[in-house]
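Asker: Here's a structure for you.
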Amino acid sequence: MKMMKNMRKEPLTDTQLLMSITIGIFIVMYLVAIIFLGGGFLHAQQIFDMLNDNASLIIVSCALTIVMIGGGIDISVGAVTSLVVMSCVLYLNSGGNIFVSILLALGIGLGFGLVQGFLISYLEIQPFIVTLAGMFFARGMTTILSVNPQKSEHSGFEKLREMKIEIPFLGYTAKNGNFVPARMELGVVVALICVVFIFILLKYIRLGRNFYAMGGNQQSALMLGINVKRTRFFSYVISGLLSGISGYVFMMHTGAGNATNAAGMEMNAIASSIIGGTLLTGGVGNVIGTFFGTLTLTTIKKIVVSSGLNDPWWQSITTGGMLCFFILLQSVVLGKRAKKKNS
Amino acid sequence: MENCLLKMRHIEKRFPGVLALNNVDFTLRKGEIHALMGENGAGKSTLIKILTGVYQMDAGEITVEDTAVSIRSPQDAQNKGISTVYQEITLCPNLTVAENMFIGREGGNWVRHTEDEKRADEILKLLGIPARSTQQLGSCSLAVQQMVAIARAVDQNCKVLILDEPTSSLDDKEVKMLFDLMRDLKSKGVGIIFVTHFLEQVYEVSDRITVLRNGELVGEYLVEDLPQVELVSKMIGKELDELSTLKESDEEDISKKEVLYEAKSLSSSEAEPFDFTIHKGEVNGFTGLLGSGRSESVRAIFGADKVTGGNVTIKGKNAKITRPIDAMKHGIGYLSEDRKRDGIIAELSVRENIMLALQVMNGFFKPISRSESEAFADEYIKVLNIKTASRETPVGSLSGGNQQKVILARWLLTHPDYLILDEPTRGIDVGTKLEIQKLVLKLAEEGVSVTFISSEVEEMLRTCSRLIVMRDRHIVGELTGKDLNQAQVMKTIAGGEA
Amino acid sequence: MKNKKTHGGLGQLTIPIIALALLVLFNVVRDLIFIYYFKDPNYVSFFSIEFTRNNLDNTVLAGNLISIINGASELAILAMGMTLVTAACGGQDISVGAAAAIAGSVFVKVLKSSSSINGGTVAIAFVSACIVAMLFGSFNGTLVAVFKIQPMIATLILYTCGRSIAYWINGGATPTVNSPIITAIGSFIPGIPIPTPVLIVIAVSLLFKLIFKFTSLELFTQSVGINGSAARLNGINSTFIKLLSFIILGVCVAFSGTIGVSRLGLINHETLLLDIEMDTILAVAIGGNSLGGGKFKIGGSIIGAYVIQMLTITLYAMKVSSTDVKAYKAIVIVLLVVLGSPVVKAKFEKVLSYLGLNRQSISTKGAQ
């Protein structure tokens, strides 16, 4: 009882505040969609569709969240995702083994993470330039592997791909009277596991908390006895690893490698993180927020489409507007907080 | 000497061109609060940095509880039981109080939130710190943040706790809380080194005082043996030497000259309202110890902080100064106290640094031509005897004294009517100090009004014809004529009695 | 002290010039191998420049070097503006590609809605494009200078929706403009053998030179970027300087957009100057400018732009396909930034000074 009282009294931390704003706006937005657009938004399948389509985006957004909490940036994630898809599809089509293909995906991601992390942390090169080069390299390697789209023809993998988790009680009865259970792809499970794992990492593991300290105030982190270089290095290694996982999940969703896969995904991931309450200045953010940030971003696009604004340009305009709204909101909210404290 | 915690003997530290510490001794006993006093450049921060492992001493020895130690890094110092709480908080504002207390110390890979929070709450309660362990540090007041830093140090079993200017951004109530905490720690046997520039606070809480001046030990005293006035004179006083004849003896009455600048109840976000007048060709000074409000007041004159009220008249006309550029347009120049942060543009050349203020006044669309700026730079490099490889050398690579001359040149080039010099002689060699003082008098002869601030009273006595004395952010006296002597200044700074 | 000066005589420009020199050297060696070792009679030297006649029957220059300086035009112009933004704000604008698409669309829209295309209407179209680009620049600039949002985040907004705005301007179509004037802007002016975009780059860099000569932009920008607090105490309005840098970048964007549109004679909002923001930032970095702001050299960024283009054309000459170029480019970039990194530099200097000391001791020994 006393514990509860204590908890209620505690004002939110910056991270919690920004996350709550995002979740609140997401819920309001979704309710508005149900009221005005009804139909599809009422079905649980709508949410599962959004998750199915965006599992890999959720994963790379988590990667960006980690890096951004540490005060850095990684724009190679989309390109690495694309490279992983292409490499794995080609490997599987050449008669490879599924287990090895997973290792291949993780290995490519890890390789990028290690090299980029080393250059950024130990040679002190700007993260933007290093990961930009990483992005170029991954994109270039993808087209070197194959300019043409490659479809997966590996029977075992196709079986894995077809595996869907059915949740009957969230299903609905279609117009023709057939009952359709809610379907979730395996990739979504992987994405959710990633979210949970990173949540634990950031909250309960020393390394994760060191990310916050490093992003909050690098000088202080040093004085508090944190090995800042090693911490930064690990943030990029984890980001690389997650890009590898994201690639595999992407492949499970599309089943084909294409040079233009995951184009612009890095910016979508940055946008998701920002909407989810991560600050590029570092030290503030949370994967739960990022998860809802991704959903918010997807929902707004769905709403735009459902409102009959079919042109794709409406989507990016609303995304841009949304970003602008969130960035200004955060700047105002945190600015007010700082002022209140000073007075 | 029983219960002796820390002994520093014959400490010597040399920086290029300066002997920062010369044969300094310092002793700290168990369960005492020991104030380390001295004005700018006295060497106290160097001594602290040697003790915390930021600098390595060139000679001398340190013993902790009678064992000789060498301190290699801040981490090393902590392991040996020497913890420091700095003026600027070195914690992470985005983490919670408990996280800040335990981060970077725990073994194992897991963060034990409940355990840490419980332990943190215990310590906070024990020390009477008004904070909750789950609170975000950034939402606490600065005082509490400072106390959390102390709590962290205490929990690390520190024997020696160094508090470096801990009270400079705290209000009275917060200071009281901090002092209670310090007394509590003292009773637990911790030795506290207290660095501050507030005299009252020293007398309120300390047991002993060690005074440094110009890198040398003046002496160690029990508080009750050292009245406030004597302390001040030990910190800043020196027998006036032959240089005191610097000022011309034929003093005409400056107050008969026209008033150049007058402020009525001028205030800023940092300065309490004050009145101030300066006449043409007058050299006056703001004095008072560090933190007395002397710098904040002159910053308000220049519009460097947010001006919140007051009337200003310049040459008899109303003037509105809210930004530095307004002041500059009214012929005011300001050499700031913090040369590195507010003065030099380190990567730009000597030439560009010299021309900067004039260029700003000329305006965006009237750039000074290259040849013109070269001529200016050459002229002032010669006039002020600036030692630089060339006029295109980045100013950051010059010595402190020469950097200061470059900034002086910057303002002289604007031909100001009124020049404010906040600690122009800080951290520079004796020869340059004298040059700058001579320059101030020469400017006054040419009709420029100057406000001169220095930590060394004799410098001000030599140059100023009027001294405004500040204490606790208020003007407490104005000295002219025959009152302008060391004893009177000390008395006013230290406060009425004594 | 003296030693240091002779050492870094080029200072900031060391890295870009070395990069350029290495690329030239590489191509020279390659030329020599093909000509003297393989004795390939069909081999054309990388450096050959010749007069050819184009389809409009103009005598024009052609060759790899011409492709390099021509192809890098948009990049060079954007890099000049980006240098200013970087110096003043300590961050980069990632929306220049999208903004160029908007400017190009406005350019075409105005041309399309005028009855005939002549010198006057082209001028009006360009001025309109300029104004629109400056407006978007001030939008970015306001977020950065007034709301104190980091440049990358602030410009992410326009990056996300810029090309859609461009799409909307021309109603989703990709209209073409056919006019000798547009062709002249995009390729050659009859009678002048040098590509027009190159002339525009020269004009824009002269413009910058004039701005620097007749205003204090350079000094103020560097002061704000190096030490904002000191700049403020010296009366510099840093908000204005930051905003101005974004507006000037807007003008550069309009120039690039116009050139891009004129090359093809059409506006494709999706592909016009795609991904150029990344190359632009790279050009600034290769030019030896700190991405954290402060001291800058526009010349370095221009050289940086040509380094990137020369690298691309060299790779093309080696029959690397246009899509694969990125991978090789990345490797060269990493090598360049590793060489320029402070840590590596410090290590390198240590080695050098060690060698230097040795040399000195040897020479003194020799003297004895």
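Scheme for the structure tokens: letters A, B, ... for chains in order shown; per-chain residue numbers from 1; ligand numbers from 1 in order shown.
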Using only C-alpha atoms and a cut-off of 9 Å, which residues of chain A sit close to chain B? Please list them as a compact mmCIF listing (two decimals) with C-alpha atoms, in the first residue's frame.
Answerer:
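File written: iface-v4.txt
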```
# COMPACT_ATOMS: atom_id res chain seq x y z
CA MET A 7 4.75 5.41 -6.85
CA GLU A 10 6.63 10.22 -8.19
CA PRO A 11 6.60 12.64 -11.13
CA LEU A 12 7.40 11.07 -14.47
CA THR A 13 10.94 11.06 -15.75
CA ASP A 14 11.54 12.71 -19.11
CA THR A 15 11.60 9.30 -20.76
CA LYS A 203 16.24 -1.27 -17.77
CA TYR A 204 17.87 -4.14 -15.95
CA ILE A 205 21.31 -4.65 -17.42
CA ARG A 206 24.28 -2.51 -16.51
CA LEU A 207 25.32 -1.91 -20.10
CA ARG A 209 21.89 1.88 -18.15
CA ASN A 210 25.36 2.99 -19.13
CA TYR A 212 21.61 6.39 -20.75
CA ALA A 213 24.44 7.78 -18.64
CA MET A 214 26.66 8.23 -21.69
CA GLY A 215 23.91 9.99 -23.63
CA GLY A 216 22.85 12.09 -20.65
CA ASN A 217 26.26 13.57 -19.99
CA GLN A 218 29.35 11.99 -21.43
CA GLN A 219 31.71 13.87 -19.12
CA SER A 220 29.78 12.84 -16.04
CA ALA A 221 29.61 9.25 -17.24
CA MET A 223 33.68 10.72 -13.91
CA LEU A 224 31.24 8.13 -12.60
CA GLY A 225 33.63 5.44 -13.73
CA ILE A 226 31.98 4.25 -16.93
CA ASN A 227 34.13 3.08 -19.81
CA GLY A 283 19.88 10.03 -22.63
CA VAL A 284 16.12 9.93 -23.10
CA ARG A 337 9.93 21.49 -17.69
CA ALA A 338 13.38 23.06 -17.60
CA LYS A 341 12.56 23.82 -12.48
CA ASN A 342 14.64 26.99 -12.76
```
Asker: Considering only C-alpha atoms, extract the chain C residues located within 12 Å of chain B and return them as a count of residues only.
Answerer: 40
Asker: With chain C as the partner and 7 Å as the cut-off, tabulate the residues of chain A that qualify, each row holding the nearest pair of atoms and their distance in Å to one decimal, using only C-alpha atoms, sorted by chain and rising number, as a Markdown table.
Answerer:
```
| residue | atom | partner | partner_atom | distance |
| --- | --- | --- | --- | --- |
| A:Leu123 | CA | C:Val343 | CA | 5.6 |
| A:Glu124 | CA | C:Ser341 | CA | 6.8 |
| A:Ile125 | CA | C:Ser341 | CA | 5.9 |
| A:Val130 | CA | C:Val334 | CA | 6.9 |
| A:Ala133 | CA | C:Ala330 | CA | 4.6 |
| A:Gly134 | CA | C:Ala330 | CA | 6.8 |
| A:Phe136 | CA | C:Lys326 | CA | 5.0 |
| A:Phe137 | CA | C:Ala327 | CA | 3.9 |
| A:Ala138 | CA | C:Ala327 | CA | 6.7 |
| A:Arg139 | CA | C:Lys326 | CA | 6.8 |
| A:Gly140 | CA | C:Ala327 | CA | 4.0 |
| A:Met141 | CA | C:Ala327 | CA | 5.7 |
| A:Thr143 | CA | C:Asp324 | CA | 5.8 |
| A:Ile144 | CA | C:Asp324 | CA | 5.5 |
| A:Trp313 | CA | C:Ser164 | CA | 4.6 |
| A:Ser316 | CA | C:Cys161 | CA | 5.0 |
| A:Ile317 | CA | C:Cys161 | CA | 4.7 |
| A:Gly320 | CA | C:Ile157 | CA | 4.9 |
| A:Leu323 | CA | C:Ile157 | CA | 6.1 |
| A:Cys324 | CA | C:Ile157 | CA | 6.0 |
```
Asker: Write to file, as a JSON list (two decimals), in the first residue's frame, the residues of the selection just made, with N, CA and C atoms.
Answerer:
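Saved as again-v6.json:
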```
[["chain", "number", "residue", "atom", "x", "y", "z"],
["A", 123, "LEU", "N", 38.32, 5.26, -32.99],
["A", 123, "LEU", "CA", 39.02, 6.23, -33.84],
["A", 123, "LEU", "C", 38.34, 7.59, -33.81],
["A", 124, "GLU", "N", 37.24, 7.68, -33.05],
["A", 124, "GLU", "CA", 36.53, 8.94, -32.84],
["A", 124, "GLU", "C", 36.15, 9.65, -34.13],
["A", 125, "ILE", "N", 35.64, 8.88, -35.09],
["A", 125, "ILE", "CA", 35.14, 9.49, -36.32],
["A", 125, "ILE", "C", 33.64, 9.71, -36.15],
["A", 130, "VAL", "N", 30.56, 7.63, -40.65],
["A", 130, "VAL", "CA", 30.89, 6.20, -40.64],
["A", 130, "VAL", "C", 29.69, 5.38, -41.10],
["A", 133, "ALA", "N", 28.95, 5.76, -44.75],
["A", 133, "ALA", "CA", 29.81, 4.88, -45.55],
["A", 133, "ALA", "C", 29.32, 3.44, -45.45],
["A", 134, "GLY", "N", 28.90, 3.04, -44.25],
["A", 134, "GLY", "CA", 28.35, 1.69, -44.06],
["A", 134, "GLY", "C", 27.13, 1.49, -44.94],
["A", 136, "PHE", "N", 26.41, 3.12, -47.78],
["A", 136, "PHE", "CA", 26.87, 3.01, -49.17],
["A", 136, "PHE", "C", 27.40, 1.62, -49.44],
["A", 137, "PHE", "N", 28.22, 1.14, -48.52],
["A", 137, "PHE", "CA", 28.86, -0.16, -48.73],
["A", 137, "PHE", "C", 27.81, -1.26, -48.83],
["A", 138, "ALA", "N", 26.85, -1.24, -47.90],
["A", 138, "ALA", "CA", 25.84, -2.29, -47.90],
["A", 138, "ALA", "C", 24.98, -2.21, -49.16],
["A", 139, "ARG", "N", 24.59, -1.00, -49.55],
["A", 139, "ARG", "CA", 23.78, -0.85, -50.77],
["A", 139, "ARG", "C", 24.57, -1.33, -51.98],
["A", 140, "GLY", "N", 25.82, -0.92, -52.05],
["A", 140, "GLY", "CA", 26.66, -1.32, -53.18],
["A", 140, "GLY", "C", 26.82, -2.83, -53.23],
["A", 141, "MET", "N", 27.11, -3.43, -52.07],
["A", 141, "MET", "CA", 27.29, -4.88, -52.05],
["A", 141, "MET", "C", 26.03, -5.60, -52.48],
["A", 143, "THR", "N", 23.81, -4.65, -54.69],
["A", 143, "THR", "CA", 23.69, -4.69, -56.15],
["A", 143, "THR", "C", 24.82, -5.50, -56.77],
["A", 144, "ILE", "N", 25.97, -5.57, -56.11],
["A", 144, "ILE", "CA", 27.04, -6.41, -56.64],
["A", 144, "ILE", "C", 26.58, -7.88, -56.59],
["A", 313, "TRP", "N", 1.64, 10.22, -52.01],
["A", 313, "TRP", "CA", 2.28, 11.42, -51.48],
["A", 313, "TRP", "C", 1.58, 11.93, -50.24],
["A", 316, "SER", "N", 3.38, 10.48, -47.11],
["A", 316, "SER", "CA", 4.63, 11.08, -46.61],
["A", 316, "SER", "C", 4.40, 12.50, -46.12],
["A", 317, "ILE", "N", 3.40, 13.18, -46.69],
["A", 317, "ILE", "CA", 3.11, 14.52, -46.17],
["A", 317, "ILE", "C", 2.59, 14.43, -44.75],
["A", 320, "GLY", "N", 5.43, 13.61, -42.47],
["A", 320, "GLY", "CA", 6.24, 14.81, -42.22],
["A", 320, "GLY", "C", 5.57, 15.72, -41.22],
["A", 323, "LEU", "N", 5.78, 14.24, -37.77],
["A", 323, "LEU", "CA", 7.12, 14.42, -37.21],
["A", 323, "LEU", "C", 7.28, 15.84, -36.68],
["A", 324, "CYS", "N", 6.87, 16.79, -37.50],
["A", 324, "CYS", "CA", 6.99, 18.19, -37.14],
["A", 324, "CYS", "C", 6.26, 18.43, -35.83]]
```
Asker: Just to confirm, what's the straight-line distance from atom CA of Ile102 of chain C to atom CA of Trp314 of chain A in Å (one decimal)?
Answerer: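 For atom CA of Ile102 of chain C relative to atom CA of Trp314 of chain A, the distance reads 15.5 Å.
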Asker: May I ask for the distance between atom CA of Gly309 of chain B and atom CA of His197 of chain B, given in Å to one decimal place?
Answerer: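 Atom CA of His197 of chain B lies at a distance of 27.9 Å from atom CA of Gly309 of chain B.
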Asker: So that I can check the surroundings of segment 185-187 of chain A, please list as a PyMOL selection string every protein, DNA and RNA residue that reaches within 12 Å of it, counting only C-alpha atoms and ignoring chain neighbours fewer than 5 positions away.
Answerer: chain A and resi 45+48-59+159-167+192-194+245-255
Asker: Any chance you can output those residues with C-alpha atoms as a PDB file, in the first residue's frame?
Answerer:
```pdb
ATOM      1  CA  GLN A  45      -6.415  -8.205 -37.729  1.00  0.00           C
ATOM      2  CA  PHE A  48      -1.740  -7.657 -36.794  1.00  0.00           C
ATOM      3  CA  ASP A  49      -1.477  -6.496 -40.396  1.00  0.00           C
ATOM      4  CA  MET A  50       0.400  -3.443 -39.283  1.00  0.00           C
ATOM      5  CA  LEU A  51       2.715  -5.613 -37.220  1.00  0.00           C
ATOM      6  CA  ASN A  52       3.177  -8.142 -40.037  1.00  0.00           C
ATOM      7  CA  ASP A  53       4.142  -5.414 -42.479  1.00  0.00           C
ATOM      8  CA  ASN A  54       6.418  -3.581 -40.089  1.00  0.00           C
ATOM      9  CA  ALA A  55       8.138  -6.239 -38.014  1.00  0.00           C
ATOM     10  CA  SER A  56      11.557  -5.402 -39.405  1.00  0.00           C
ATOM     11  CA  LEU A  57      10.953  -1.669 -39.059  1.00  0.00           C
ATOM     12  CA  ILE A  58      10.190  -2.230 -35.382  1.00  0.00           C
ATOM     13  CA  ILE A  59      13.486  -4.063 -34.987  1.00  0.00           C
ATOM     14  CA  LYS A 159       7.518 -23.580 -45.352  1.00  0.00           C
ATOM     15  CA  LEU A 160       8.970 -21.510 -42.512  1.00  0.00           C
ATOM     16  CA  ARG A 161       7.694 -18.397 -44.248  1.00  0.00           C
ATOM     17  CA  GLU A 162       4.179 -19.781 -44.548  1.00  0.00           C
ATOM     18  CA  MET A 163       4.024 -20.592 -40.871  1.00  0.00           C
ATOM     19  CA  LYS A 164       1.598 -18.199 -39.260  1.00  0.00           C
ATOM     20  CA  ILE A 165       0.390 -18.036 -35.738  1.00  0.00           C
ATOM     21  CA  GLU A 166      -3.379 -18.128 -35.638  1.00  0.00           C
ATOM     22  CA  ILE A 167      -5.240 -16.554 -32.803  1.00  0.00           C
ATOM     23  CA  LEU A 192       8.327  -8.657 -30.074  1.00  0.00           C
ATOM     24  CA  ILE A 193      11.086 -10.776 -28.549  1.00  0.00           C
ATOM     25  CA  CYS A 194      13.582  -8.112 -29.635  1.00  0.00           C
ATOM     26  CA  ILE A 245      17.855  -9.841 -37.452  1.00  0.00           C
ATOM     27  CA  SER A 246      15.741  -7.217 -39.158  1.00  0.00           C
ATOM     28  CA  GLY A 247      17.050  -8.452 -42.521  1.00  0.00           C
ATOM     29  CA  TYR A 248      16.024 -12.004 -41.791  1.00  0.00           C
ATOM     30  CA  VAL A 249      12.570 -10.921 -40.638  1.00  0.00           C
ATOM     31  CA  PHE A 250      12.235  -8.780 -43.764  1.00  0.00           C
ATOM     32  CA  MET A 251      13.053 -11.813 -45.878  1.00  0.00           C
ATOM     33  CA  MET A 252      10.499 -13.921 -44.043  1.00  0.00           C
ATOM     34  CA  HIS A 253       7.912 -11.291 -44.911  1.00  0.00           C
ATOM     35  CA  THR A 254       8.714 -10.666 -48.576  1.00  0.00           C
ATOM     36  CA  GLY A 255      10.544 -13.829 -49.549  1.00  0.00           C
TER      37      GLY A 255
END
```
Asker: Could you give me, as a PyMOL selection string, the residues within 8 Å of Tyr306 of chain C, counting only C-alpha atoms and dropping anything in the same chain fewer than 2 positions from it?
Answerer: chain C and resi 68-69+72+76+302-304+308-310
Asker: Could you give me, as a list of chain:residue names, the residues within 12 Å of segment 26-43 of chain C, counting only C-alpha atoms and dropping anything in the same chain fewer than 3 positions from it?
Answerer: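 Counting only C-alpha atoms, the residues come to C:Ile18, C:Ala19, C:Leu20, C:Ala21, C:Leu22, C:Leu23, C:Phe46, C:Phe47, C:Ser48, C:Asn64, C:Leu65, C:Met310, C:Leu311, C:Ile313, C:Thr314, C:Leu315, C:Ala317, C:Met318.
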Asker: Can you tell me, as a VMD selection string, what residues are no more than 7 Å from Met134 of chain C when counting only C-alpha atoms, ignoring any on the same chain fewer than 6 positions away?
Answerer: chain C and resid 247 250 to 251
Asker: Expressed in Å to a single decimal, how great is the separation between atom CA of Thr84 of chain B and atom CA of Asp171 of chain B?
Answerer: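 Distance between the two atoms: 21.3 Å.
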Asker: Per DSSP on the backbone, what are the alpha helix (DSSP H) residues of segment 57-146 of chain B, as a ChimeraX atom specification?
Answerer: /B:74-79,97-102,113-126,142-146
Asker: Which parts of segment 1-221 of chain A does DSSP call strand (DSSP E) when run on the backbone here, written out as a list of chain:residue names?
Answerer: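 So the strand (DSSP E) residues in segment 1-221 of chain A would be A:Gln150, A:Lys151, A:Lys164, A:Ile165, A:Glu166, A:Ile167, A:Pro168, A:Phe169, A:Leu170, A:Gly171, A:Tyr172, A:Thr173, A:Phe179, A:Val180, A:Pro181, A:Ala182, A:Arg183, A:Met184, A:Glu185.
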Asker: Take the residues from that selection and write them out as a PDB file, in the first residue's frame, keeping C-alpha atoms.
Answerer:
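The resulting part_20.pdb:
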```
ATOM      1  CA  GLN A 150      15.817 -12.707 -56.452  1.00  0.00           C
ATOM      2  CA  LYS A 151      12.917 -14.768 -55.257  1.00  0.00           C
ATOM      3  CA  LYS A 164       1.598 -18.199 -39.260  1.00  0.00           C
ATOM      4  CA  ILE A 165       0.390 -18.036 -35.738  1.00  0.00           C
ATOM      5  CA  GLU A 166      -3.379 -18.128 -35.638  1.00  0.00           C
ATOM      6  CA  ILE A 167      -5.240 -16.554 -32.803  1.00  0.00           C
ATOM      7  CA  PRO A 168      -8.848 -17.705 -33.136  1.00  0.00           C
ATOM      8  CA  PHE A 169     -10.462 -15.613 -30.448  1.00  0.00           C
ATOM      9  CA  LEU A 170      -9.278 -12.401 -32.095  1.00  0.00           C
ATOM     10  CA  GLY A 171     -10.663 -13.404 -35.471  1.00  0.00           C
ATOM     11  CA  TYR A 172     -13.782 -12.160 -37.163  1.00  0.00           C
ATOM     12  CA  THR A 173     -16.472 -13.484 -39.445  1.00  0.00           C
ATOM     13  CA  PHE A 179     -14.609 -17.316 -39.845  1.00  0.00           C
ATOM     14  CA  VAL A 180     -11.156 -15.794 -40.310  1.00  0.00           C
ATOM     15  CA  PRO A 181      -8.790 -16.180 -37.361  1.00  0.00           C
ATOM     16  CA  ALA A 182      -6.292 -13.397 -36.684  1.00  0.00           C
ATOM     17  CA  ARG A 183      -2.950 -14.228 -38.265  1.00  0.00           C
ATOM     18  CA  MET A 184       0.454 -13.180 -37.113  1.00  0.00           C
ATOM     19  CA  GLU A 185       3.686 -13.922 -38.916  1.00  0.00           C
TER      20      GLU A 185
END
```
Asker: Between B:Gly477, B:Gly495, B:Gly285, B:Gly43, which has the minimum distance to Val218 of chain B (counting only C-alpha atoms)?
Answerer: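 Closest residue, counting only C-alpha atoms: B:Gly43.
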Asker: Show me, as a ChimeraX atom specification, the residues that have an atom within 10 Å of segment 260-266 of chain C when counting only C-alpha atoms, minus same-chain residues fewer than 5 positions from it.
Answerer: /C:73-74,100-101,103-105,107-108,174-188,196-197,254-255,272-273
Asker: Keeping N, CA and C atoms for every residue in the selection just given, could you write it to a file as a CSV table (one decimal), in the first residue's frame?
Answerer:
```
chain,number,residue,atom,x,y,z
C,73,SER,N,28.5,19.3,-60.7
C,73,SER,CA,28.1,20.7,-60.6
C,73,SER,C,27.1,20.9,-59.5
C,74,GLU,N,26.0,20.0,-59.5
C,74,GLU,CA,24.9,20.2,-58.5
C,74,GLU,C,25.5,20.0,-57.1
C,100,ALA,N,15.5,20.3,-53.4
C,100,ALA,CA,15.9,20.6,-54.8
C,100,ALA,C,14.7,20.1,-55.8
C,101,ALA,N,14.1,18.9,-55.4
C,101,ALA,CA,13.0,18.4,-56.2
C,101,ALA,C,11.8,19.4,-56.1
C,103,ALA,N,12.2,22.7,-55.7
C,103,ALA,CA,12.6,23.9,-56.5
C,103,ALA,C,12.5,23.6,-58.0
C,104,GLY,N,12.9,22.4,-58.4
C,104,GLY,CA,12.8,22.0,-59.8
C,104,GLY,C,11.4,22.0,-60.2
C,105,SER,N,10.5,21.5,-59.4
C,105,SER,CA,9.1,21.4,-59.7
C,105,SER,C,8.5,22.8,-59.9
C,107,PHE,N,10.1,25.4,-60.7
C,107,PHE,CA,10.7,25.9,-62.0
C,107,PHE,C,9.9,25.5,-63.2
C,108,VAL,N,9.6,24.2,-63.2
C,108,VAL,CA,8.9,23.6,-64.4
C,108,VAL,C,7.5,24.1,-64.4
C,174,THR,N,5.1,14.1,-64.5
C,174,THR,CA,6.5,14.4,-64.7
C,174,THR,C,6.6,15.2,-66.0
C,175,PRO,N,6.2,16.5,-66.0
C,175,PRO,CA,6.1,17.2,-67.2
C,175,PRO,C,7.5,17.5,-67.8
C,176,THR,N,7.6,17.5,-69.1
C,176,THR,CA,8.8,17.9,-69.8
C,176,THR,C,8.8,19.3,-70.3
C,177,VAL,N,9.9,19.9,-70.4
C,177,VAL,CA,10.0,21.2,-71.0
C,177,VAL,C,11.0,21.2,-72.1
C,178,ASN,N,10.5,21.5,-73.3
C,178,ASN,CA,11.4,21.5,-74.4
C,178,ASN,C,11.7,22.9,-74.9
C,179,SER,N,12.9,23.3,-74.8
C,179,SER,CA,13.2,24.6,-75.2
C,179,SER,C,14.7,24.7,-75.4
C,180,PRO,N,15.2,25.4,-76.4
C,180,PRO,CA,16.7,25.5,-76.6
C,180,PRO,C,17.3,26.2,-75.3
C,181,ILE,N,16.5,27.0,-74.7
C,181,ILE,CA,17.1,27.7,-73.5
C,181,ILE,C,17.4,26.7,-72.4
C,182,ILE,N,16.4,25.8,-72.2
C,182,ILE,CA,16.6,24.8,-71.1
C,182,ILE,C,17.8,23.9,-71.5
C,183,THR,N,17.8,23.5,-72.7
C,183,THR,CA,18.9,22.6,-73.2
C,183,THR,C,20.3,23.3,-73.0
C,184,ALA,N,20.2,24.6,-73.3
C,184,ALA,CA,21.5,25.4,-73.1
C,184,ALA,C,21.9,25.4,-71.6
C,185,ILE,N,20.9,25.5,-70.7
C,185,ILE,CA,21.3,25.5,-69.3
C,185,ILE,C,21.8,24.2,-68.9
C,186,GLY,N,21.2,23.1,-69.4
C,186,GLY,CA,21.5,21.8,-68.9
C,186,GLY,C,22.7,21.2,-69.6
C,187,SER,N,23.0,21.6,-70.9
C,187,SER,CA,24.2,21.0,-71.5
C,187,SER,C,25.2,22.1,-72.0
C,188,PHE,N,25.0,22.6,-73.2
C,188,PHE,CA,25.9,23.6,-73.8
C,188,PHE,C,25.2,24.8,-74.3
C,196,THR,N,27.5,24.2,-69.6
C,196,THR,CA,26.9,25.3,-68.9
C,196,THR,C,26.9,25.1,-67.3
C,197,PRO,N,26.6,23.9,-66.8
C,197,PRO,CA,26.6,23.7,-65.4
C,197,PRO,C,27.9,24.1,-64.8
C,254,ALA,N,18.1,25.9,-55.1
C,254,ALA,CA,17.4,26.3,-56.3
C,254,ALA,C,18.3,26.2,-57.5
C,255,PHE,N,19.6,26.6,-57.4
C,255,PHE,CA,20.5,26.4,-58.5
C,255,PHE,C,20.6,25.0,-58.9
C,272,LEU,N,15.0,13.1,-59.0
C,272,LEU,CA,15.8,14.3,-59.2
C,272,LEU,C,16.8,14.4,-58.0
C,273,LEU,N,18.1,14.4,-58.3
C,273,LEU,CA,19.1,14.5,-57.2
C,273,LEU,C,18.8,13.6,-56.0
```
